[in-house]
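Source file: entry.cif; contents: mmCIF, C-alpha atoms, pLDDT in the B column; chains and numbers go by the auth columns.
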```cif
data_structure
#
loop_
_atom_site.group_PDB
_atom_site.id
_atom_site.type_symbol
_atom_site.label_atom_id
_atom_site.label_comp_id
_atom_site.label_asym_id
_atom_site.label_seq_id
_atom_site.Cartn_x
_atom_site.Cartn_y
_atom_site.Cartn_z
_atom_site.B_iso_or_equiv
_atom_site.auth_seq_id
_atom_site.auth_asym_id
ATOM 1 C CA MET A 1 10.394 42.594 6.164 58.00 1 Y
ATOM 2 C CA LYS A 2 14.148 42.961 6.580 75.00 2 Y
ATOM 3 C CA GLU A 3 16.430 42.784 3.567 80.00 3 Y
ATOM 4 C CA PHE A 4 18.772 39.836 3.174 85.00 4 Y
ATOM 5 C CA ASP A 5 22.120 40.529 4.896 89.00 5 Y
ATOM 6 C CA LEU A 6 24.751 39.065 2.580 91.00 6 Y
ATOM 7 C CA ASP A 7 27.716 39.949 4.774 93.00 7 Y
ATOM 8 C CA ALA A 8 26.110 38.308 7.829 93.00 8 Y
ATOM 9 C CA ALA A 9 25.460 35.152 5.829 93.00 9 Y
ATOM 10 C CA LEU A 10 29.058 35.036 4.585 95.00 10 Y
ATOM 11 C CA ALA A 11 30.383 35.611 8.117 95.00 11 Y
ATOM 12 C CA ARG A 12 28.253 32.828 9.572 94.00 12 Y
ATOM 13 C CA ARG A 13 29.212 30.405 6.724 93.00 13 Y
ATOM 14 C CA PRO A 14 26.410 27.845 7.036 95.00 14 Y
ATOM 15 C CA SER A 15 26.724 24.661 5.002 94.00 15 Y
ATOM 16 C CA LEU A 16 23.255 25.301 3.513 96.00 16 Y
ATOM 17 C CA LEU A 17 21.272 28.509 3.178 95.00 17 Y
ATOM 18 C CA LEU A 18 17.648 28.971 2.109 93.00 18 Y
ATOM 19 C CA VAL A 19 17.130 32.145 0.036 91.00 19 Y
ATOM 20 C CA ASP A 20 13.508 32.612 -0.955 86.00 20 Y
ATOM 21 C CA ASP A 21 12.789 34.112 -4.385 86.00 21 Y
ATOM 22 C CA ILE A 22 15.893 34.534 -6.521 87.00 22 Y
ATOM 23 C CA ARG A 23 14.590 37.214 -8.891 82.00 23 Y
ATOM 24 C CA PRO A 24 13.989 40.552 -7.035 80.00 24 Y
ATOM 25 C CA HIS A 25 15.859 43.803 -7.495 83.00 25 Y
ATOM 26 C CA GLN A 26 17.773 44.771 -4.361 83.00 26 Y
ATOM 27 C CA VAL A 27 17.228 47.955 -2.385 84.00 27 Y
ATOM 28 C CA PRO A 28 19.496 50.921 -3.278 86.00 28 Y
ATOM 29 C CA GLY A 29 22.878 50.658 -1.613 84.00 29 Y
ATOM 30 C CA SER A 30 23.077 46.866 -1.789 87.00 30 Y
ATOM 31 C CA ARG A 31 26.340 45.355 -3.016 90.00 31 Y
ATOM 32 C CA HIS A 32 24.593 43.688 -5.938 91.00 32 Y
ATOM 33 C CA PRO A 33 21.571 44.999 -7.866 91.00 33 Y
ATOM 34 C CA LYS A 34 19.974 41.526 -8.131 91.00 34 Y
ATOM 35 C CA ARG A 35 19.468 38.792 -5.561 92.00 35 Y
ATOM 36 C CA TRP A 36 20.762 36.081 -7.882 92.00 36 Y
ATOM 37 C CA GLN A 37 24.113 37.894 -7.767 93.00 37 Y
ATOM 38 C CA ASP A 38 24.109 37.543 -3.978 93.00 38 Y
ATOM 39 C CA ILE A 39 23.562 33.823 -4.484 94.00 39 Y
ATOM 40 C CA ASP A 40 26.495 33.651 -6.905 94.00 40 Y
ATOM 41 C CA GLU A 41 28.717 35.157 -4.192 95.00 41 Y
ATOM 42 C CA LEU A 42 27.432 32.675 -1.611 95.00 42 Y
ATOM 43 C CA LEU A 43 28.162 29.776 -3.940 95.00 43 Y
ATOM 44 C CA ALA A 44 31.651 31.116 -4.651 95.00 44 Y
ATOM 45 C CA ALA A 45 32.237 31.129 -0.872 95.00 45 Y
ATOM 46 C CA GLY A 46 31.388 27.419 -0.696 95.00 46 Y
ATOM 47 C CA ILE A 47 27.875 27.808 0.741 95.00 47 Y
ATOM 48 C CA ASP A 48 25.149 25.600 -0.754 96.00 48 Y
ATOM 49 C CA VAL A 49 21.931 27.472 -1.560 95.00 49 Y
ATOM 50 C CA TRP A 50 18.321 26.424 -2.025 95.00 50 Y
ATOM 51 C CA THR A 51 16.150 29.083 -3.653 94.00 51 Y
ATOM 52 C CA THR A 52 12.877 29.477 -5.566 92.00 52 Y
ATOM 53 C CA LEU A 53 11.982 30.795 -9.010 91.00 53 Y
ATOM 54 C CA ASN A 54 8.723 31.150 -10.935 91.00 54 Y
ATOM 55 C CA ILE A 55 8.864 30.144 -14.599 92.00 55 Y
ATOM 56 C CA GLN A 56 7.759 33.608 -15.800 92.00 56 Y
ATOM 57 C CA HIS A 57 10.994 35.134 -14.511 93.00 57 Y
ATOM 58 C CA LEU A 58 13.361 33.184 -16.777 92.00 58 Y
ATOM 59 C CA GLU A 59 15.001 35.658 -19.136 92.00 59 Y
ATOM 60 C CA SER A 60 14.764 33.561 -22.324 91.00 60 Y
ATOM 61 C CA LEU A 61 10.995 33.142 -21.870 91.00 61 Y
ATOM 62 C CA ASN A 62 10.233 36.832 -21.411 91.00 62 Y
ATOM 63 C CA ASP A 63 8.754 37.358 -24.898 91.00 63 Y
ATOM 64 C CA VAL A 64 6.815 34.085 -24.690 91.00 64 Y
ATOM 65 C CA ILE A 65 5.314 35.121 -21.341 92.00 65 Y
ATOM 66 C CA LEU A 66 4.316 38.466 -22.878 92.00 66 Y
ATOM 67 C CA LYS A 67 2.463 36.662 -25.700 91.00 67 Y
ATOM 68 C CA ILE A 68 0.670 34.384 -23.251 91.00 68 Y
ATOM 69 C CA THR A 69 -0.320 36.891 -20.566 90.00 69 Y
ATOM 70 C CA LYS A 70 -0.137 40.264 -22.386 90.00 70 Y
ATOM 71 C CA VAL A 71 2.035 41.424 -19.461 89.00 71 Y
ATOM 72 C CA ARG A 72 5.752 42.241 -19.668 90.00 72 Y
ATOM 73 C CA VAL A 73 7.528 40.716 -16.667 90.00 73 Y
ATOM 74 C CA ARG A 74 10.197 43.214 -15.652 89.00 74 Y
ATOM 75 C CA GLU A 75 12.205 41.178 -13.154 90.00 75 Y
ATOM 76 C CA THR A 76 14.068 38.358 -14.901 92.00 76 Y
ATOM 77 C CA VAL A 77 16.866 35.943 -14.082 93.00 77 Y
ATOM 78 C CA PRO A 78 19.499 34.808 -16.637 93.00 78 Y
ATOM 79 C CA ASP A 79 19.009 31.249 -17.825 91.00 79 Y
ATOM 80 C CA THR A 80 22.610 30.470 -16.854 91.00 80 Y
ATOM 81 C CA VAL A 81 21.593 30.784 -13.205 90.00 81 Y
ATOM 82 C CA PHE A 82 18.947 28.103 -13.727 90.00 82 Y
ATOM 83 C CA ASP A 83 21.092 25.868 -15.943 89.00 83 Y
ATOM 84 C CA LYS A 84 24.075 25.679 -13.581 89.00 84 Y
ATOM 85 C CA ALA A 85 21.970 24.535 -10.602 91.00 85 Y
ATOM 86 C CA ASP A 86 22.992 21.097 -9.330 91.00 86 Y
ATOM 87 C CA GLU A 87 19.382 20.036 -8.787 90.00 87 Y
ATOM 88 C CA ILE A 88 15.964 21.253 -9.928 90.00 88 Y
ATOM 89 C CA VAL A 89 12.749 20.418 -8.065 91.00 89 Y
ATOM 90 C CA LEU A 90 9.550 21.274 -9.929 91.00 90 Y
ATOM 91 C CA VAL A 91 6.759 22.315 -7.538 89.00 91 Y
ATOM 92 C CA ASP A 92 3.539 21.868 -9.478 88.00 92 Y
ATOM 93 C CA PHE A 93 0.025 23.056 -8.644 84.00 93 Y
ATOM 94 C CA PRO A 94 -2.987 22.626 -10.922 88.00 94 Y
ATOM 95 C CA PRO A 95 -4.351 26.088 -11.843 88.00 95 Y
ATOM 96 C CA ASP A 96 -7.629 25.581 -9.961 89.00 96 Y
ATOM 97 C CA GLU A 97 -5.788 24.642 -6.772 87.00 97 Y
ATOM 98 C CA LEU A 98 -3.432 27.613 -7.066 85.00 98 Y
ATOM 99 C CA LEU A 99 -6.317 30.048 -7.599 86.00 99 Y
ATOM 100 C CA LYS A 100 -8.098 28.574 -4.574 86.00 100 Y
ATOM 101 C CA ARG A 101 -4.994 29.039 -2.430 84.00 101 Y
ATOM 102 C CA LEU A 102 -4.621 32.661 -3.585 80.00 102 Y
ATOM 103 C CA ALA A 103 -8.297 33.372 -2.819 81.00 103 Y
ATOM 104 C CA GLN A 104 -7.959 31.838 0.662 81.00 104 Y
ATOM 105 C CA GLY A 105 -4.728 33.736 1.407 77.00 105 Y
ATOM 106 C CA ARG A 106 -2.817 30.469 1.727 73.00 106 Y
ATOM 107 C CA SER A 107 -0.214 31.489 -0.854 66.00 107 Y
ATOM 108 C CA THR A 108 1.917 34.616 -0.648 60.00 108 Y
ATOM 109 C CA CYS A 109 1.585 36.597 -3.879 58.00 109 Y
ATOM 110 C CA ARG A 110 4.532 38.903 -4.510 55.00 110 Y
ATOM 111 C CA THR A 111 3.473 39.767 -8.041 54.00 111 Y
ATOM 112 C CA PRO A 112 3.295 43.572 -8.509 49.00 112 Y
ATOM 113 C CA ARG A 113 -0.195 45.112 -8.549 50.00 113 Y
ATOM 114 C CA PRO A 114 -0.044 46.158 -12.242 46.00 114 Y
ATOM 115 C CA VAL A 115 0.477 42.502 -13.139 46.00 115 Y
ATOM 116 C CA ARG A 116 -2.388 41.331 -10.931 51.00 116 Y
ATOM 117 C CA SER A 117 -4.677 44.046 -12.279 45.00 117 Y
ATOM 118 C CA HIS A 118 -4.206 42.687 -15.808 53.00 118 Y
ATOM 119 C CA ASN A 119 -5.565 39.307 -14.667 74.00 119 Y
ATOM 120 C CA PHE A 120 -2.175 37.621 -14.948 84.00 120 Y
ATOM 121 C CA PHE A 121 -3.547 34.730 -12.931 84.00 121 Y
ATOM 122 C CA ARG A 122 -6.230 33.634 -15.379 88.00 122 Y
ATOM 123 C CA PRO A 123 -6.752 29.853 -15.583 90.00 123 Y
ATOM 124 C CA GLN A 124 -5.644 29.719 -19.232 91.00 124 Y
ATOM 125 C CA ASN A 125 -2.488 31.682 -18.434 91.00 125 Y
ATOM 126 C CA LEU A 126 -1.641 29.424 -15.508 92.00 126 Y
ATOM 127 C CA THR A 127 -2.170 26.343 -17.670 92.00 127 Y
ATOM 128 C CA ALA A 128 0.254 27.691 -20.291 92.00 128 Y
ATOM 129 C CA LEU A 129 2.813 28.652 -17.621 92.00 129 Y
ATOM 130 C CA ARG A 130 2.492 25.214 -16.069 92.00 130 Y
ATOM 131 C CA GLU A 131 3.297 23.552 -19.404 91.00 131 Y
ATOM 132 C CA LEU A 132 6.279 25.875 -19.872 91.00 132 Y
ATOM 133 C CA ALA A 133 7.589 24.852 -16.454 92.00 133 Y
ATOM 134 C CA PHE A 134 7.286 21.152 -17.294 90.00 134 Y
ATOM 135 C CA ARG A 135 9.022 21.653 -20.637 87.00 135 Y
ATOM 136 C CA ARG A 136 11.852 23.780 -19.241 88.00 136 Y
ATOM 137 C CA ALA A 137 12.498 21.207 -16.517 87.00 137 Y
ATOM 138 C CA ALA A 138 12.503 18.425 -19.121 84.00 138 Y
ATOM 139 C CA GLU A 139 14.986 20.350 -21.269 80.00 139 Y
ATOM 140 C CA ARG A 140 17.264 20.608 -18.260 77.00 140 Y
ATOM 141 C CA ILE A 141 17.038 16.860 -17.621 71.00 141 Y
ATOM 142 C CA ASP A 142 17.419 15.708 -21.246 58.00 142 Y
ATOM 143 C CA PRO A 143 21.145 16.576 -21.772 55.00 143 Y
ATOM 144 C CA ARG A 144 22.117 14.972 -18.457 56.00 144 Y
ATOM 145 C CA ALA A 145 20.142 11.834 -19.241 53.00 145 Y
ATOM 146 C CA HIS A 146 21.760 11.747 -22.684 51.00 146 Y
ATOM 147 C CA GLY A 147 25.203 11.985 -21.078 55.00 147 Y
ATOM 148 C CA ALA A 148 24.438 9.098 -18.724 52.00 148 Y
ATOM 149 C CA HIS A 149 23.051 7.134 -21.672 49.00 149 Y
ATOM 150 C CA ALA A 150 26.257 7.642 -23.682 55.00 150 Y
ATOM 151 C CA GLY A 151 28.490 7.134 -20.649 57.00 151 Y
ATOM 152 C CA ALA A 152 26.999 3.681 -20.144 56.00 152 Y
ATOM 153 C CA GLY A 153 28.321 2.717 -23.593 61.00 153 Y
ATOM 154 C CA ASP A 154 24.907 2.673 -25.272 60.00 154 Y
ATOM 155 C CA ARG A 155 25.367 4.010 -28.815 60.00 155 Y
ATOM 156 C CA ARG A 156 21.726 3.789 -29.832 61.00 156 Y
ATOM 157 C CA PRO A 157 19.908 7.043 -30.717 56.00 157 Y
ATOM 158 C CA TRP A 158 18.515 8.906 -27.709 53.00 158 Y
ATOM 159 C CA ALA A 159 14.808 9.394 -28.377 55.00 159 Y
ATOM 160 C CA ALA A 160 13.720 11.068 -25.142 53.00 160 Y
ATOM 161 C CA GLY A 161 13.263 14.462 -26.787 56.00 161 Y
ATOM 162 C CA GLU A 162 11.910 15.470 -30.172 65.00 162 Y
ATOM 163 C CA ARG A 163 14.301 16.886 -32.766 67.00 163 Y
ATOM 164 C CA ILE A 164 13.916 18.498 -36.186 74.00 164 Y
ATOM 165 C CA LEU A 165 16.714 18.585 -38.778 75.00 165 Y
ATOM 166 C CA ALA A 166 16.369 21.259 -41.461 74.00 166 Y
ATOM 167 C CA CYS A 167 18.651 20.922 -44.488 77.00 167 Y
ATOM 168 C CA ILE A 168 19.425 24.423 -45.759 73.00 168 Y
ATOM 169 C CA GLY A 169 20.774 25.127 -49.232 71.00 169 Y
ATOM 170 C CA PRO A 170 23.287 27.845 -50.263 69.00 170 Y
ATOM 171 C CA THR A 171 20.734 30.579 -50.891 69.00 171 Y
ATOM 172 C CA ARG A 172 20.369 34.148 -49.692 66.00 172 Y
ATOM 173 C CA SER A 173 17.301 33.188 -47.703 62.00 173 Y
ATOM 174 C CA ARG A 174 19.159 30.702 -45.501 60.00 174 Y
ATOM 175 C CA PRO A 175 19.528 33.049 -42.464 62.00 175 Y
ATOM 176 C CA ARG A 176 15.749 33.541 -42.412 59.00 176 Y
ATOM 177 C CA LEU A 177 15.150 29.828 -42.780 57.00 177 Y
ATOM 178 C CA CYS A 178 17.474 29.049 -39.881 61.00 178 Y
ATOM 179 C CA ALA A 179 15.668 31.577 -37.691 55.00 179 Y
ATOM 180 C CA ARG A 180 12.119 30.903 -38.917 48.00 180 Y
ATOM 181 C CA PRO A 181 9.678 29.873 -36.162 46.00 181 Y
ATOM 182 C CA SER A 182 8.434 26.353 -36.739 43.00 182 Y
ATOM 183 C CA ALA A 183 7.236 23.308 -34.865 43.00 183 Y
ATOM 184 C CA ARG A 184 5.450 25.371 -32.284 46.00 184 Y
ATOM 185 C CA ARG A 185 2.254 25.236 -30.280 45.00 185 Y
ATOM 186 C CA PRO A 186 -0.109 28.105 -29.483 40.00 186 Y
ATOM 187 C CA HIS A 187 1.454 31.031 -27.579 41.00 187 Y
ATOM 188 C CA GLY A 188 4.842 30.269 -29.184 45.00 188 Y
ATOM 189 C CA ARG A 189 5.656 27.385 -26.858 44.00 189 Y
ATOM 190 C CA ALA A 190 8.419 25.143 -28.137 50.00 190 Y
ATOM 191 C CA LEU A 191 7.453 21.724 -29.471 51.00 191 Y
ATOM 192 C CA ALA A 192 10.832 20.399 -30.621 62.00 192 Y
ATOM 193 C CA ARG A 193 14.499 21.325 -30.672 65.00 193 Y
ATOM 194 C CA ARG A 194 15.680 22.307 -34.122 67.00 194 Y
ATOM 195 C CA HIS A 195 19.012 21.718 -35.879 72.00 195 Y
ATOM 196 C CA CYS A 196 19.974 23.416 -39.149 74.00 196 Y
ATOM 197 C CA GLY A 197 22.664 21.994 -41.424 74.00 197 Y
ATOM 198 C CA ALA A 198 23.890 22.034 -45.012 73.00 198 Y
ATOM 199 C CA ALA A 199 25.589 19.519 -47.270 68.00 199 Y
ATOM 200 C CA ARG A 200 28.772 20.869 -48.854 67.00 200 Y
ATOM 201 C CA GLY A 201 28.989 20.681 -52.616 62.00 201 Y
ATOM 202 C CA GLU A 202 30.751 22.214 -55.596 59.00 202 Y
ATOM 203 C CA HIS A 203 28.964 25.463 -56.450 54.00 203 Y
ATOM 204 C CA ARG A 204 30.942 27.945 -58.494 53.00 204 Y
ATOM 205 C CA GLY A 205 30.635 31.417 -57.039 54.00 205 Y
ATOM 206 C CA ARG A 206 28.676 30.197 -54.037 53.00 206 Y
ATOM 207 C CA ARG A 207 29.665 29.167 -50.559 53.00 207 Y
ATOM 208 C CA PRO A 208 27.471 26.643 -48.792 49.00 208 Y
ATOM 209 C CA CYS A 209 26.272 27.769 -45.402 48.00 209 Y
ATOM 210 C CA ALA A 210 27.980 26.375 -42.352 50.00 210 Y
ATOM 211 C CA PRO A 211 25.969 23.957 -40.215 48.00 211 Y
ATOM 212 C CA ARG A 212 23.987 25.782 -37.616 48.00 212 Y
ATOM 213 C CA ARG A 213 22.254 24.511 -34.523 48.00 213 Y
ATOM 214 C CA GLY A 214 19.097 26.248 -33.390 47.00 214 Y
ATOM 215 C CA ASP A 215 18.337 26.480 -29.691 44.00 215 Y
ATOM 216 C CA GLU A 216 14.641 25.823 -30.094 43.00 216 Y
ATOM 217 C CA ALA A 217 11.930 26.160 -32.629 40.00 217 Y
ATOM 218 C CA ARG A 218 9.608 28.708 -31.109 38.00 218 Y
#
```

Rewritten as structure tokens:
Amino acid sequence: MKEFDLDAALARRPSLLLVDDIRPHQVPGSRHPKRWQDIDELLAAGIDVWTTLNIQHLESLNDVILKITKVRVRETVPDTVFDKADEIVLVDFPPDELLKRLAQGRSTCRTPRPVRSHNFFRPQNLTALRELAFRRAAERIDPRAHGAHAGAGDRRPWAAGERILACIGPTRSRPRLCARPSARRPHGRALARRHCGAARGEHRGRRPCAPRRGDEAR
């Protein structure tokens, strides 16, 4: 299989380019070490790009994937690449159907052999990865839906996603409390977005902690 020719693509300047699999390392001598960096250059040149990404390659989920599968995924893509996409299409397969396709050779598996040898594609692993994909897609949609909700002049609370507010007092343990895992499901999967805050008061010799917003409770 030939390597992607970035310079040829830039010279041709198509309005839309399909680049399969955003995550791989490039061959030595390439202009960029990662393929997602090629895509950044294409976008900067005004070329629209459609590409593909498996949920296990998102950088922020790397530790979660390790807990689920007992395999460290080495090739990752920064979440900013995913978050700045104009559109996300979730391609979903039930685990049984995916395993059947792999067994029949109807799906190309580019996962390295060490990963496959550790039974990465167990049904329970695929079920957990499938839920992660649904949740990550929903997290991407939620802020945009909230913006449209507010832009329409509706001031009512937006209840599409779950939230937890933790009120933290001015104690030495507050950094641990803000970072403490909570509201999680098995395998460390996020259940709700968490916000930490503190009420300011008069405490001689103490400074109340500044409000802090957690990314997720994991």

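Within the file as shown, the PyMOL selection byres ((chain Y and resi 69) around 9) identifies Y:Val64, Y:Ile65, Y:Leu66, Y:Lys67, Y:Ile68, Y:Lys70, Y:Val71, Y:Arg72, Y:His118, Y:Asn119, Y:Phe120, Y:Phe121, Y:Arg122, Y:Asn125.
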
Give me a file of those residues, with C-alpha atoms, as a PDB file, keeping the file's coordinate frame.
```pdb
ATOM      1  CA  VAL Y  64       6.815  34.085 -24.690  1.00 91.00           C
ATOM      2  CA  ILE Y  65       5.314  35.121 -21.341  1.00 92.00           C
ATOM      3  CA  LEU Y  66       4.316  38.466 -22.878  1.00 92.00           C
ATOM      4  CA  LYS Y  67       2.463  36.662 -25.700  1.00 91.00           C
ATOM      5  CA  ILE Y  68       0.670  34.384 -23.251  1.00 91.00           C
ATOM      6  CA  LYS Y  70      -0.137  40.264 -22.386  1.00 90.00           C
ATOM      7  CA  VAL Y  71       2.035  41.424 -19.461  1.00 89.00           C
ATOM      8  CA  ARG Y  72       5.752  42.241 -19.668  1.00 90.00           C
ATOM      9  CA  HIS Y 118      -4.206  42.687 -15.808  1.00 53.00           C
ATOM     10  CA  ASN Y 119      -5.565  39.307 -14.667  1.00 74.00           C
ATOM     11  CA  PHE Y 120      -2.175  37.621 -14.948  1.00 84.00           C
ATOM     12  CA  PHE Y 121      -3.547  34.730 -12.931  1.00 84.00           C
ATOM     13  CA  ARG Y 122      -6.230  33.634 -15.379  1.00 88.00           C
ATOM     14  CA  ASN Y 125      -2.488  31.682 -18.434  1.00 91.00           C
TER      15      ASN Y 125
END
```

Exercise. Using only C-alpha atoms, which of Y:Ala9, Y:Leu102, Y:Ile88, Y:Leu129 sits nearest Gln56 of chain Y?
Worked result: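 Ranked by minimum distance to Gln56 of chain Y, first place goes to Y:Leu129.
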
Problem set entry | Nearby residues (all atoms listed in the file) at most 12 Å from Leu43 of chain Y, same-chain spacing under 3 positions excluded, as number ranges by chain | Y: 6, 9-10, 13-17, 19, 36-40, 46-50, 81, 84-86

Exercise. In Å, with one decimal, what is the gap from atom CA of Leu61 of chain Y to atom CA of Lys100 of chain Y?
Worked result: 26.2 Å

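Shortest atom-to-atom contact with Glu131 of chain Y among Y:Asp83, Y:Glu75, Y:Gly29, Y:Ile55: Y:Ile55, counting only C-alpha atoms.
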
Exercise. Rounded to one decimal in Å, what is the spacing between atom CA of Gln124 of chain Y and atom CA of Leu99 of chain Y?
Worked result: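 Atom-to-atom, atom CA of Gln124 of chain Y to atom CA of Leu99 of chain Y, that is 11.7 Å.
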
Problem set entry | Residue with smallest distance to Gly197 of chain Y - pool Y:Val27, Y:Cys167, Y:Ala8, Y:Val77, counting all atoms listed in the file |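 Once distances to Gly197 of chain Y are computed over all atoms listed in the file, the minimum belongs to Y:Cys167.
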
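Using only C-alpha atoms, the smallest distance between any of Y:Ala11, Y:Ile164, Y:Leu98, Y:Leu58 and Leu42 of chain Y comes from Y:Ala11.
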
For this session: State, in Å with one decimal place, the distance from atom CA of Gln26 of chain Y to atom CA of Glu41 of chain Y.
Result: 14.6 Å
